[in-house]
$ cat final.txt   # compact mmCIF, C-alpha atoms (C1' of nucleotides)
# COMPACT_ATOMS: atom_id res chain seq x y z
CA MET O 18 10.03 15.61 6.23
CA ASN O 19 13.13 16.09 4.16
CA VAL O 20 16.08 13.92 3.26
CA GLU O 21 18.24 15.30 6.04
CA LYS O 22 15.69 14.58 8.74
CA ALA O 23 15.11 11.15 7.29
CA TRP O 24 18.81 10.34 7.69
CA GLU O 25 18.74 11.56 11.26
CA THR O 26 15.91 9.17 12.00
CA LEU O 27 17.68 6.33 10.23
CA LYS O 28 20.91 6.97 12.12
CA GLU O 29 19.03 7.01 15.41
CA HIS O 30 17.84 3.54 14.62
CA SER O 31 21.28 2.36 13.41
CA PHE O 32 20.35 1.91 9.79
CA LYS O 33 23.25 2.14 7.40
CA ARG O 34 23.69 4.77 4.75
CA THR O 35 23.50 3.00 1.40
CA LYS O 36 23.26 4.12 -2.21
CA ASN O 37 19.85 2.51 -2.57
CA ARG O 38 18.43 4.31 0.43
CA GLU O 39 19.89 7.59 -0.73
CA ALA O 40 18.30 7.13 -4.14
CA ILE O 41 14.88 6.27 -2.71
CA LEU O 42 14.86 9.29 -0.42
CA GLU O 43 16.12 11.71 -3.02
CA PHE O 44 13.61 10.46 -5.55
CA LEU O 45 10.63 10.73 -3.22
CA ALA O 46 11.75 14.09 -1.86
CA GLU O 47 11.48 15.49 -5.39
CA ARG O 48 7.93 14.27 -5.92
CA ASP O 49 4.95 15.88 -4.25
CA GLY O 50 2.56 12.95 -4.39
CA TYR O 51 2.20 9.21 -4.08
CA THR O 52 4.40 6.89 -6.12
CA ALA O 53 3.91 3.17 -6.58
CA ALA O 54 6.57 0.89 -5.11
CA MET O 55 7.28 -0.44 -8.60
CA ASP O 56 7.89 3.08 -9.92
CA VAL O 57 10.36 3.78 -7.14
CA GLY O 58 12.07 0.58 -8.23
CA GLU O 59 12.16 1.72 -11.85
CA PHE O 60 13.96 4.85 -10.76
CA LEU O 61 16.51 2.92 -8.71
CA LYS O 62 17.36 0.85 -11.78
CA LYS O 63 18.75 3.90 -13.54
CA ASP O 64 21.76 3.99 -11.23
CA ASN O 65 21.64 0.37 -10.19
CA PRO O 66 20.13 -1.91 -12.84
CA GLY O 67 20.42 -5.00 -10.67
CA VAL O 68 18.50 -3.69 -7.67
CA SER O 69 16.24 -6.39 -6.28
CA PHE O 70 12.61 -6.38 -5.24
CA ASP O 71 13.70 -7.29 -1.78
CA THR O 72 15.68 -4.07 -1.48
CA ILE O 73 12.90 -1.88 -2.82
CA TYR O 74 10.10 -3.26 -0.68
CA ARG O 75 12.16 -3.76 2.45
CA ASN O 76 13.37 -0.18 2.46
CA LEU O 77 10.00 1.33 1.65
CA THR O 78 8.40 -0.69 4.43
CA THR O 79 11.13 0.30 6.87
CA PHE O 80 10.79 3.96 5.99
CA ALA O 81 7.04 3.83 6.44
CA GLU O 82 7.45 2.22 9.87
CA LEU O 83 9.80 5.00 10.89
CA ASP O 84 7.29 7.62 9.71
CA ILE O 85 9.70 8.82 7.09
CA LEU O 86 7.19 7.87 4.40
CA GLU O 87 3.41 7.73 4.25
CA GLU O 88 1.81 4.70 2.69
CA THR O 89 -1.52 4.02 1.05
CA ASP O 90 -3.17 1.41 -1.13
CA LEU O 91 -4.38 2.85 -4.42
CA ASN O 92 -6.24 0.47 -6.70
CA GLY O 93 -4.33 -2.55 -5.54
CA GLU O 94 -0.87 -1.01 -5.55
CA ARG O 95 1.16 0.13 -2.59
CA GLN O 96 2.04 3.80 -2.89
CA TYR O 97 4.47 5.94 -0.94
CA ARG O 98 5.27 9.58 -0.39
CA MET O 99 7.44 11.61 1.96
CA HIS O 100 5.71 12.10 5.29
CA CYS O 101 4.18 15.56 5.28
CA ASP O 102 4.43 16.81 8.81
CA PRO O 103 5.13 14.01 11.22
CA GLY O 104 2.92 14.10 14.27
CA VAL O 105 0.27 16.29 12.67
CA HIS O 106 -2.75 14.28 11.60
CA HIS O 107 -3.99 15.05 8.10
CA HIS O 108 -5.56 13.68 4.93
CA HIS O 109 -5.07 14.06 1.20
CA PHE O 110 -6.64 14.77 -2.09
CA ILE O 111 -4.92 12.42 -4.55
CA CYS O 112 -4.80 12.93 -8.31
CA THR O 113 -5.79 9.65 -9.94
CA VAL O 114 -3.66 10.45 -12.99
CA CYS O 115 -0.30 11.58 -11.61
CA GLY O 116 -0.57 10.73 -7.91
CA LYS O 117 0.09 14.30 -6.86
CA THR O 118 -1.52 15.22 -3.54
CA LYS O 119 -3.01 18.21 -1.79
CA HIS O 120 -3.34 18.57 1.93
CA ILE O 121 -6.73 18.39 3.62
CA PRO O 122 -6.04 19.89 7.02
CA SER O 123 -9.17 18.72 8.82
CA CYS O 124 -10.23 15.22 9.79
CA PRO O 125 -13.70 13.70 9.50
CA MET O 126 -13.32 12.07 12.89
CA ASP O 127 -13.43 15.55 14.46
CA HIS O 128 -16.51 16.66 12.55
CA ILE O 129 -18.72 13.63 12.32
CA ALA O 130 -20.52 12.00 15.18
CA VAL O 131 -19.30 8.51 14.53
CA ASN O 132 -21.66 6.80 16.90
CA LEU O 133 -20.37 3.28 17.30
CA PRO O 134 -21.21 1.87 20.71
CA GLY O 135 -19.04 -1.01 21.85
CA VAL O 136 -16.57 -0.92 18.98
CA GLU O 137 -12.86 -0.38 19.43
CA ILE O 138 -11.72 2.11 16.80
CA GLN O 139 -8.20 1.43 15.51
CA GLY O 140 -7.90 3.76 12.57
CA HIS O 141 -9.56 5.37 9.60
CA LYS O 142 -8.95 6.33 6.01
CA PHE O 143 -10.17 9.45 4.28
CA GLU O 144 -8.99 10.23 0.78
CA VAL O 145 -10.46 12.43 -1.93
CA TYR O 146 -9.78 11.39 -5.50
CA GLY O 147 -9.87 13.37 -8.72
CA LYS O 148 -7.81 15.22 -11.29
CA CYS O 149 -5.41 17.97 -10.41
CA PRO O 150 -5.39 21.12 -12.59
CA GLN O 151 -2.44 19.85 -14.63
CA CYS O 152 -4.07 16.51 -15.46
CA GLN O 153 -7.50 17.67 -16.59
CA MET D 7 -30.69 -4.56 -1.38
CA ASN D 8 -31.95 -8.13 -1.12
CA VAL D 9 -31.72 -11.18 -3.35
CA GLU D 10 -35.08 -10.53 -4.95
CA LYS D 11 -34.23 -6.98 -5.96
CA ALA D 12 -30.87 -8.14 -7.23
CA TRP D 13 -32.58 -10.58 -9.58
CA GLU D 14 -34.89 -7.84 -10.82
CA THR D 15 -31.87 -5.75 -11.70
CA LEU D 16 -30.13 -8.68 -13.35
CA LYS D 17 -33.23 -9.52 -15.40
CA GLU D 18 -33.56 -5.91 -16.51
CA HIS D 19 -30.07 -6.19 -17.95
CA SER D 20 -30.72 -9.63 -19.51
CA PHE D 21 -28.37 -11.56 -17.27
CA LYS D 22 -29.19 -15.22 -16.96
CA ARG D 23 -30.23 -16.95 -13.77
CA THR D 24 -27.48 -19.44 -12.94
CA LYS D 25 -26.66 -21.59 -9.92
CA ASN D 26 -23.41 -19.73 -9.36
CA ARG D 27 -25.08 -16.34 -9.31
CA GLU D 28 -27.78 -17.64 -6.99
CA ALA D 29 -25.14 -18.99 -4.62
CA ILE D 30 -23.16 -15.71 -4.60
CA LEU D 31 -26.22 -13.61 -3.85
CA GLU D 32 -27.60 -15.92 -1.21
CA PHE D 33 -24.21 -16.12 0.49
CA LEU D 34 -23.66 -12.37 0.58
CA ALA D 35 -27.24 -11.67 1.62
CA GLU D 36 -26.64 -13.73 4.76
CA ARG D 37 -23.52 -11.81 5.75
CA ASP D 38 -23.60 -8.31 7.14
CA GLY D 39 -20.13 -7.18 6.24
CA TYR D 40 -17.41 -7.33 3.63
CA THR D 41 -16.18 -10.67 2.29
CA ALA D 42 -13.07 -11.26 0.21
CA ALA D 43 -13.59 -12.46 -3.35
CA MET D 44 -11.63 -15.61 -2.52
CA ASP D 45 -13.93 -16.38 0.43
CA VAL D 46 -16.98 -16.04 -1.78
CA GLY D 47 -15.24 -18.52 -4.07
CA GLU D 48 -14.61 -20.93 -1.19
CA PHE D 49 -18.32 -20.92 -0.45
CA LEU D 50 -19.25 -21.58 -4.08
CA LYS D 51 -17.01 -24.65 -4.05
CA LYS D 52 -19.24 -26.36 -1.50
CA ASP D 53 -21.97 -26.84 -4.07
CA ASN D 54 -19.78 -26.61 -7.14
CA PRO D 55 -16.21 -27.77 -6.51
CA GLY D 56 -15.09 -26.96 -10.04
CA VAL D 57 -16.12 -23.31 -10.08
CA SER D 58 -13.47 -21.20 -11.78
CA PHE D 59 -11.84 -17.92 -10.86
CA ASP D 60 -13.28 -16.45 -14.00
CA THR D 61 -16.80 -17.11 -12.78
CA ILE D 62 -16.20 -15.73 -9.31
CA TYR D 63 -14.51 -12.51 -10.32
CA ARG D 64 -16.63 -11.84 -13.38
CA ASN D 65 -19.86 -12.09 -11.44
CA LEU D 66 -18.65 -10.06 -8.48
CA THR D 67 -17.45 -7.34 -10.84
CA THR D 68 -20.72 -7.39 -12.76
CA PHE D 69 -22.77 -7.18 -9.57
CA ALA D 70 -20.70 -4.25 -8.33
CA GLU D 71 -21.21 -2.42 -11.64
CA LEU D 72 -24.96 -2.89 -11.31
CA ASP D 73 -24.89 -1.54 -7.74
CA ILE D 74 -26.03 -4.86 -6.39
CA LEU D 75 -22.81 -5.13 -4.40
CA GLU D 76 -20.48 -2.62 -2.80
CA GLU D 77 -16.77 -3.08 -3.29
CA THR D 78 -13.70 -2.00 -1.37
CA ASP D 79 -10.01 -2.79 -1.19
CA LEU D 80 -9.00 -3.99 2.24
CA ASN D 81 -5.29 -4.66 2.74
CA GLY D 82 -4.74 -5.69 -0.83
CA GLU D 83 -7.81 -7.88 -1.23
CA ARG D 84 -10.99 -7.05 -3.04
CA GLN D 85 -13.98 -7.28 -0.72
CA TYR D 86 -17.69 -7.25 -1.43
CA ARG D 87 -20.94 -6.84 0.41
CA MET D 88 -24.60 -6.40 -0.50
CA HIS D 89 -25.33 -2.80 -1.39
CA CYS D 90 -26.90 -1.20 1.66
CA ASP D 91 -29.39 1.28 0.36
CA PRO D 92 -28.82 2.04 -3.30
CA GLY D 93 -28.91 5.72 -4.04
CA VAL D 94 -28.27 6.78 -0.46
CA HIS D 95 -24.70 7.85 0.05
CA HIS D 96 -23.08 6.40 3.16
CA HIS D 97 -19.89 5.08 4.74
CA HIS D 98 -18.86 2.22 6.97
CA PHE D 99 -17.10 1.14 10.07
CA ILE D 100 -15.39 -2.14 9.16
CA CYS D 101 -14.27 -4.75 11.66
CA THR D 102 -10.70 -5.70 10.78
CA VAL D 103 -11.20 -9.18 12.21
CA CYS D 104 -14.50 -10.41 10.78
CA GLY D 105 -15.28 -7.80 8.13
CA LYS D 106 -18.64 -6.95 9.69
CA THR D 107 -19.73 -3.36 9.06
CA LYS D 108 -21.73 -0.64 10.74
CA HIS D 109 -23.36 2.24 8.93
CA ILE D 110 -22.00 5.76 9.25
CA PRO D 111 -24.89 7.84 8.00
CA SER D 112 -23.04 11.11 7.42
CA CYS D 113 -20.36 11.99 4.91
CA PRO D 114 -17.18 13.99 5.50
CA MET D 115 -17.67 15.83 2.22
CA ASP D 116 -20.72 17.54 3.72
CA HIS D 117 -18.94 18.58 6.90
CA ILE D 118 -15.45 19.47 5.89
CA ALA D 119 -14.45 22.46 3.87
CA VAL D 120 -12.43 20.61 1.27
CA ASN D 121 -10.84 23.63 -0.27
CA LEU D 122 -9.31 22.42 -3.49
CA PRO D 123 -9.29 25.15 -6.13
CA GLY D 124 -9.00 23.93 -9.69
CA VAL D 125 -9.25 20.24 -9.00
CA GLU D 126 -11.94 18.02 -10.42
CA ILE D 127 -13.22 15.78 -7.63
CA GLN D 128 -14.21 12.32 -8.81
CA GLY D 129 -14.77 10.43 -5.60
CA HIS D 130 -13.71 9.81 -2.06
CA LYS D 131 -13.22 7.05 0.45
CA PHE D 132 -13.99 7.21 4.13
CA GLU D 133 -13.75 4.08 6.22
CA VAL D 134 -13.33 3.58 9.96
CA TYR D 135 -11.48 0.45 11.05
CA GLY D 136 -11.50 -1.39 14.35
CA LYS D 137 -12.90 -4.32 16.25
CA CYS D 138 -16.60 -4.96 16.64
CA PRO D 139 -17.91 -5.97 20.09
CA GLN D 140 -17.85 -9.68 19.18
CA CYS D 141 -14.23 -9.63 18.03
CA GLN D 142 -12.58 -7.83 20.94
C1' DC B 29 42.70 -2.46 8.45
C1' DT B 30 39.80 -6.01 9.90
C1' DA B 31 35.77 -8.03 11.79
C1' DT B 32 30.98 -8.26 12.13
C1' DT B 33 26.66 -7.76 10.83
C1' DA B 34 23.41 -5.34 8.04
C1' DA B 35 22.17 -4.79 3.28
C1' DT B 36 21.87 -6.38 -1.21
C1' DA B 37 21.54 -9.26 -5.59
C1' DG B 38 19.61 -12.74 -7.88
C1' DT B 39 16.10 -15.57 -8.24
C1' DA B 40 12.32 -18.48 -6.85
C1' DA B 41 7.81 -18.68 -4.60
C1' DT B 42 3.37 -16.94 -3.37
C1' DG B 43 -1.25 -14.98 -3.68
C1' DA B 44 -4.68 -12.45 -5.89
C1' DT B 45 -6.47 -11.48 -10.15
C1' DT B 46 -7.01 -11.69 -15.29
C1' DA B 47 -7.30 -14.09 -19.67
C1' DC B 48 -8.88 -17.41 -22.94
C1' DG B 49 -10.31 -21.51 -25.81
C1' DA B 50 -13.40 -25.21 -25.41
C1' DT B 51 -17.61 -26.81 -23.49
C1' DT B 52 -22.06 -26.40 -21.28
C1' DC B 53 -26.30 -24.42 -20.18
C1' DA B 54 -30.26 -20.79 -19.80
C1' DC B 55 -33.49 -18.86 -22.37
C1' DT B 56 -36.03 -17.72 -26.94
C1' DC B 57 -38.70 -18.99 -30.57
C1' DC B 58 -41.15 -22.13 -32.97
C1' DG C 15 -41.57 -29.54 -25.42
C1' DG C 16 -37.35 -29.37 -28.41
C1' DA C 17 -33.76 -27.24 -31.23
C1' DG C 18 -30.80 -23.13 -31.82
C1' DT C 19 -27.99 -19.38 -30.09
C1' DG C 20 -25.30 -16.69 -27.42
C1' DA C 21 -24.18 -16.13 -22.64
C1' DA C 22 -21.96 -18.43 -18.82
C1' DT C 23 -18.86 -21.58 -17.19
C1' DC C 24 -14.79 -24.67 -16.69
C1' DG C 25 -10.11 -25.69 -16.64
C1' DT C 26 -6.00 -23.93 -16.88
C1' DA C 27 -2.34 -20.79 -17.97
C1' DA C 28 -0.63 -16.12 -17.64
C1' DT C 29 0.14 -11.84 -15.27
C1' DC C 30 1.20 -8.57 -11.71
C1' DA C 31 2.53 -7.10 -7.27
C1' DT C 32 4.67 -8.66 -3.43
C1' DT C 33 7.27 -11.85 -0.30
C1' DA C 34 10.96 -15.07 0.74
C1' DC C 35 15.51 -17.02 0.72
C1' DT C 36 20.59 -17.89 0.20
C1' DA C 37 24.96 -16.50 -1.07
C1' DT C 38 27.61 -12.46 -1.54
C1' DT C 39 28.89 -7.64 -0.72
C1' DA C 40 29.65 -3.57 1.74
C1' DA C 41 28.99 -0.06 5.73
C1' DT C 42 30.43 1.01 10.13
C1' DA C 43 32.81 0.15 14.76
C1' DG C 44 36.88 -0.70 17.02

$ encode --input "final.txt" --output "structure tokens"
Amino acid sequence: MNVEKAWETLKEHSFKRTKNREAILEFLAERDGYTAAMDVGEFLKKDNPGVSFDTIYRNLTTFAELDILEETDLNGERQYRMHCDPGVHHHHFICTVCGKTKHIPSCPMDHIAVNLPGVEIQGHKFEVYGKCPQCQ
Amino acid sequence: MNVEKAWETLKEHSFKRTKNREAILEFLAERDGYTAAMDVGEFLKKDNPGVSFDTIYRNLTTFAELDILEETDLNGERQYRMHCDPGVHHHHFICTVCGKTKHIPSCPMDHIAVNLPGVEIQGHKFEVYGKCPQCQ
DNA sequence: CTATTAATAGTAATGATTACGATTCACTCC
DNA sequence: GGAGTGAATCGTAATCATTACTATTAATAG
């Protein structure tokens, strides 16, 4: 997912093109890992010191719902990144220092006999944590 | 892990036997899934209405450090459960309604070729979410 | 250009968790 | 069993991330 595609999706859903949204998308497009909502906000303040929490969280949530961003909870904070390859299921290694990610192409649900009679499976989470080469 | 073993561990580390700790352990021993820290606190208040946050969180954190409890973050809340089988690595299905868990004996790290050259792996998280038979 | 409606700013409220000084209590040693 | 000592707790305030709300601003359609 890139900025252009993101705007296509937004237009399809009649979302307006605003400076804040442009800044969020451009910022996250540059990064190749997860970024905390608050850190996205910090970046927005450079161009727009008065940006409000409402704006930051509302847009990030909207983008995640539209599959423009991926979302995860990392030690109590909500973190976002550009959606890798929409429609293709995948997982991530996440650097606990810088948030940078690496793709893990396979999924445990395909490899493990998760034998759960009677339960209704709704989702799953698989993340590998550690330090990337740059952060060691 | 049961209450008795927990007390052995606590004694080994010179922790004192208090009413609050007894209540936490007995409460969690009865449950077979994850419980939010706040809900543990609610239970403590039945016997001890004035129990403080400090007491609740400090003890839960201590117990988790001693591997008496297992800990996870579930939609922004810290959740705890008795440690299943200390020393034996495992994962869980977690009911999103009641928090009840089911064991998943295998681990994705054994089955998936996580090909991550240069990274230092520190940990991983694998959880399956859904509704247990009782909550459907 | 104007209307209309979404988007935002500014700020207050919430909810979970952490922090801390003063007090109480569990355990040790006599 | 009773005093002494440090751990544990209480009561409460502070913090941090997130949510909520109202008045104002601005993006797009016509």

$ atom_distance --input "final.txt" --atom1 "C1' of DC57 in chain B" --atom2 "CA of Ser20 in chain D"
16.5 Å

$ interface_residues --input "final.txt" --of "chain B" --to "chain D" --cutoff "8 Å" --atoms "only C-alpha atoms (C1' of nucleotides)" --output "PDB file with C-alpha atoms (C1' of nucleotides), in the frame of the given file"
ATOM      1  C1'  DA B  44      -4.680 -12.450  -5.890  1.00  0.00           C
ATOM      2  C1'  DT B  46      -7.010 -11.690 -15.290  1.00  0.00           C
ATOM      3  C1'  DA B  54     -30.260 -20.790 -19.800  1.00  0.00           C
ATOM      4  C1'  DC B  55     -33.490 -18.860 -22.370  1.00  0.00           C
TER       5       DC B  55
END

$ closest_residue --input "final.txt" --among "D:Asn121, D:Asn81, D:Tyr86, D:Cys113" --to "Phe110 in chain O" --atoms "only C-alpha atoms"
D:Asn121

$ atom_distance --input "final.txt" --atom1 "CA of Gly56 in chain D" --atom2 "CA of Glu10 in chain D"
26.4 Å

$ residues_around --input "final.txt" --residues "Asp116 in chain D" --least-positions-apart "2" --cutoff "12 Å" --atoms "only C-alpha atoms (C1' of nucleotides)" --output "PyMOL selection string"
(chain O and resi 125+128-129) or (chain D and resi 95-96+111-114+118-120+130)

$ atom_distance --input "final.txt" --atom1 "CA of Ala35 in chain D" --atom2 "CA of Cys104 in chain D"
15.7 Å

$ closest_atom_pairs --input "final.txt" --of "chain C" --to "chain D" --cutoff "12 Å" --atoms "all atoms listed in the file" --output "tab-separated table"
residue	atom	partner	partner_atom	distance
C:DG20	C1'	D:Lys22	CA	11.3
C:DA21	C1'	D:Lys22	CA	7.6
C:DA22	C1'	D:Thr61	CA	8.1
C:DT23	C1'	D:Thr61	CA	6.6
C:DC24	C1'	D:Ser58	CA	6.2
C:DG25	C1'	D:Ser58	CA	7.4
C:DT26	C1'	D:Ser58	CA	9.4
C:DA31	C1'	D:Gly82	CA	9.8
C:DT32	C1'	D:Gly82	CA	10.2

$ interface_residues --input "final.txt" --of "chain O" --to "chain D" --cutoff "6 Å" --atoms "only C-alpha atoms" --output "list of chain:residue names"
O:Gly93, O:Pro125, O:Gly135, O:Val136, O:Glu137, O:Ile138, O:Gln139, O:Gly140, O:His141, O:Lys142, O:Phe143, O:Glu144, O:Val145, O:Tyr146, O:Gly147, O:Lys148, O:Cys149, O:Pro150

$ residues_around --input "final.txt" --residues "DT39 in chain C" --least-positions-apart "6" --cutoff "12 Å" --atoms "all atoms listed in the file" --output "PDB file with C-alpha atoms (C1' of nucleotides), in the coordinates of the input"
ATOM      1  C1'  DT B  33      26.660  -7.760  10.830  1.00  0.00           C
ATOM      2  C1'  DA B  34      23.410  -5.340   8.040  1.00  0.00           C
ATOM      3  C1'  DA B  35      22.170  -4.790   3.280  1.00  0.00           C
ATOM      4  C1'  DT B  36      21.870  -6.380  -1.210  1.00  0.00           C
ATOM      5  C1'  DA B  37      21.540  -9.260  -5.590  1.00  0.00           C
TER       6       DA B  37
END

$ axis_aligned_box --input "final.txt" --around "range 9-20 of chain D" --padding-each-side "3 Å" --output "AutoDock Vina command-line options"
--center_x -32.6 --center_y -8.5 --center_z -11.4 --size_x 11.0 --size_y 11.4 --size_z 22.2

$ closest_residue --input "final.txt" --among "O:Ile85, O:Pro66, O:Leu77, O:Gly58" --to "Ala23 in chain O" --atoms "all atoms listed in the file"
O:Ile85

$ closest_residue --input "final.txt" --among "O:Asp49, O:Glu39, O:Glu59, O:Glu25" --to "Gly116 in chain O" --atoms "all atoms listed in the file"
O:Asp49

$ closest_residue --input "final.txt" --among "B:DA47, B:DC58, B:DC53, B:DA40" --to "DT33 in chain C" --atoms "only C-alpha atoms (C1' of nucleotides)"
B:DA40
